[in-house]
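Below: one structure, written as structure tokens.
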Amino acid sequence: MPIVAVNIVKVLFAVALYGFLFYVARAMRGHIAGPRVDAAATPSLEVTQPGGSAHTYPIEGVVVLGRGESADIRLDDEYASDRHASFTREGTRLFLEDLGSTNGTTVDGQDAAGRIEVSPGSTIMVGRTKVRVR
């Protein structure tokens with residue numbers, strides 16, 4: 001066998017070996033790290049309190065925002081009701097409902113009446129608290 005053919009076989013073997021090792025490492029990473037979660041499929045709320053502190057909360061099922069102790073996300077906002085508004089996740093869709101608050105709820109500057117669907121990028125005002133859908 002000519003020397004050129006031997007070198008080509010060596011290079012092809014090295015490429016196949018590194019390809020196999022890459023495949024094994026990738027498979028092991030998947031088992032160690034667990035399944036990937038699509039961030040776009042998990043909506044979250046970025047809540048900025050009147051004092052300026054902001055926190056992000058993932059939304060699973062129904063989440064109530066308000067000043068009272070029964071609220072899932074407690075607001076330090078004197079203009080927020082005890083149970084001001086709720087967010088409900090249904091699959092990848094997110095719905096907002098004002099819960100009969102005294103000062104109302106707005107979505108992108110418009111009064112929120114009833115149950116409405118909100119999308120990423122929407123800005124909701126709950127009292128003086130700014131809530132952004134992510």
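In the structure tokens, the first chain shown is A, the next is B, and so on; residue numbers restart at 1 for each chain, and ligands run from 1 in the order shown.
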
Problem set entry | DSSP strand (DSSP E or B) residues within chain A, as a ChimeraX atom specification | /A:44-48,54-58,62-66,73-74,85-90,93-98,105-107,110-111,115-118,123-126,129-133

How would the residues just chosen look if you wrote them out with C-alpha atoms as a PDB file, in the first residue's frame?
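Written output follows (result.pdb):
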ATOM      1  CA  SER A  44     -42.084  34.914  33.784  1.00  0.00           C
ATOM      2  CA  LEU A  45     -42.908  38.242  35.361  1.00  0.00           C
ATOM      3  CA  GLU A  46     -40.367  40.951  36.091  1.00  0.00           C
ATOM      4  CA  VAL A  47     -41.905  42.866  39.002  1.00  0.00           C
ATOM      5  CA  THR A  48     -40.497  46.323  39.798  1.00  0.00           C
ATOM      6  CA  ALA A  54     -37.004  44.284  40.659  1.00  0.00           C
ATOM      7  CA  HIS A  55     -37.455  40.519  40.896  1.00  0.00           C
ATOM      8  CA  THR A  56     -38.331  37.879  38.308  1.00  0.00           C
ATOM      9  CA  TYR A  57     -40.887  35.154  39.038  1.00  0.00           C
ATOM     10  CA  PRO A  58     -41.624  32.135  36.792  1.00  0.00           C
ATOM     11  CA  VAL A  62     -52.207  30.648  38.757  1.00  0.00           C
ATOM     12  CA  VAL A  63     -50.221  33.402  40.494  1.00  0.00           C
ATOM     13  CA  VAL A  64     -51.910  36.215  42.453  1.00  0.00           C
ATOM     14  CA  LEU A  65     -50.282  39.619  42.916  1.00  0.00           C
ATOM     15  CA  GLY A  66     -51.311  41.852  45.783  1.00  0.00           C
ATOM     16  CA  ILE A  73     -46.288  37.677  44.934  1.00  0.00           C
ATOM     17  CA  ARG A  74     -46.547  40.231  47.733  1.00  0.00           C
ATOM     18  CA  ALA A  85     -54.637  40.717  39.896  1.00  0.00           C
ATOM     19  CA  SER A  86     -53.923  37.150  38.839  1.00  0.00           C
ATOM     20  CA  PHE A  87     -51.850  35.617  36.066  1.00  0.00           C
ATOM     21  CA  THR A  88     -52.865  32.216  34.739  1.00  0.00           C
ATOM     22  CA  ARG A  89     -50.594  30.095  32.571  1.00  0.00           C
ATOM     23  CA  GLU A  90     -52.303  27.718  30.160  1.00  0.00           C
ATOM     24  CA  ARG A  93     -50.333  31.275  26.858  1.00  0.00           C
ATOM     25  CA  LEU A  94     -50.570  33.734  29.742  1.00  0.00           C
ATOM     26  CA  PHE A  95     -53.765  35.451  30.918  1.00  0.00           C
ATOM     27  CA  LEU A  96     -54.256  38.422  33.252  1.00  0.00           C
ATOM     28  CA  GLU A  97     -57.363  39.122  35.301  1.00  0.00           C
ATOM     29  CA  ASP A  98     -58.037  42.083  37.574  1.00  0.00           C
ATOM     30  CA  THR A 105     -54.936  47.306  36.359  1.00  0.00           C
ATOM     31  CA  THR A 106     -53.575  48.516  33.026  1.00  0.00           C
ATOM     32  CA  VAL A 107     -51.887  46.656  30.180  1.00  0.00           C
ATOM     33  CA  GLN A 110     -55.072  50.457  28.565  1.00  0.00           C
ATOM     34  CA  ASP A 111     -57.480  49.479  31.349  1.00  0.00           C
ATOM     35  CA  ARG A 115     -59.617  38.144  31.549  1.00  0.00           C
ATOM     36  CA  ILE A 116     -57.201  39.109  28.783  1.00  0.00           C
ATOM     37  CA  GLU A 117     -54.237  37.408  27.167  1.00  0.00           C
ATOM     38  CA  VAL A 118     -50.864  39.098  27.633  1.00  0.00           C
ATOM     39  CA  THR A 123     -46.172  46.119  30.601  1.00  0.00           C
ATOM     40  CA  ILE A 124     -48.798  45.828  33.325  1.00  0.00           C
ATOM     41  CA  MET A 125     -49.341  48.402  36.066  1.00  0.00           C
ATOM     42  CA  VAL A 126     -50.660  46.998  39.345  1.00  0.00           C
ATOM     43  CA  THR A 129     -45.905  48.463  40.611  1.00  0.00           C
ATOM     44  CA  LYS A 130     -44.628  47.780  37.089  1.00  0.00           C
ATOM     45  CA  VAL A 131     -44.917  44.192  35.865  1.00  0.00           C
ATOM     46  CA  ARG A 132     -43.249  43.162  32.603  1.00  0.00           C
ATOM     47  CA  VAL A 133     -44.034  39.842  30.904  1.00  0.00           C
TER      48      VAL A 133
END

Problem set entry | DSSP helix (DSSP H, G or I) selection over chain A, as a PyMOL selection string | chain A and resi 3-33+39-41

For this session: Enter the distance from atom CA of A:Ala14 to atom CA of A:Ile32, in Å, rounded to one decimal.
Result: 26.7 Å

Exercise. Suppose you want the space between atom CA of A:Ser53 and atom CA of A:Asp77; what is it in Å?
Worked result: 11.9 Å

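For the choices A:Gly109, A:Gln49, A:Asp72, A:Gly100, the atom-to-atom distance to A:Arg128 is smallest for A:Gln49 when using only C-alpha atoms.
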
Problem set entry | Distance in Å - atom CA of A:Glu78 versus atom CA of A:Gly51 |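 Straight-line distance from atom CA of A:Glu78 to atom CA of A:Gly51 works out to 11.7 Å.
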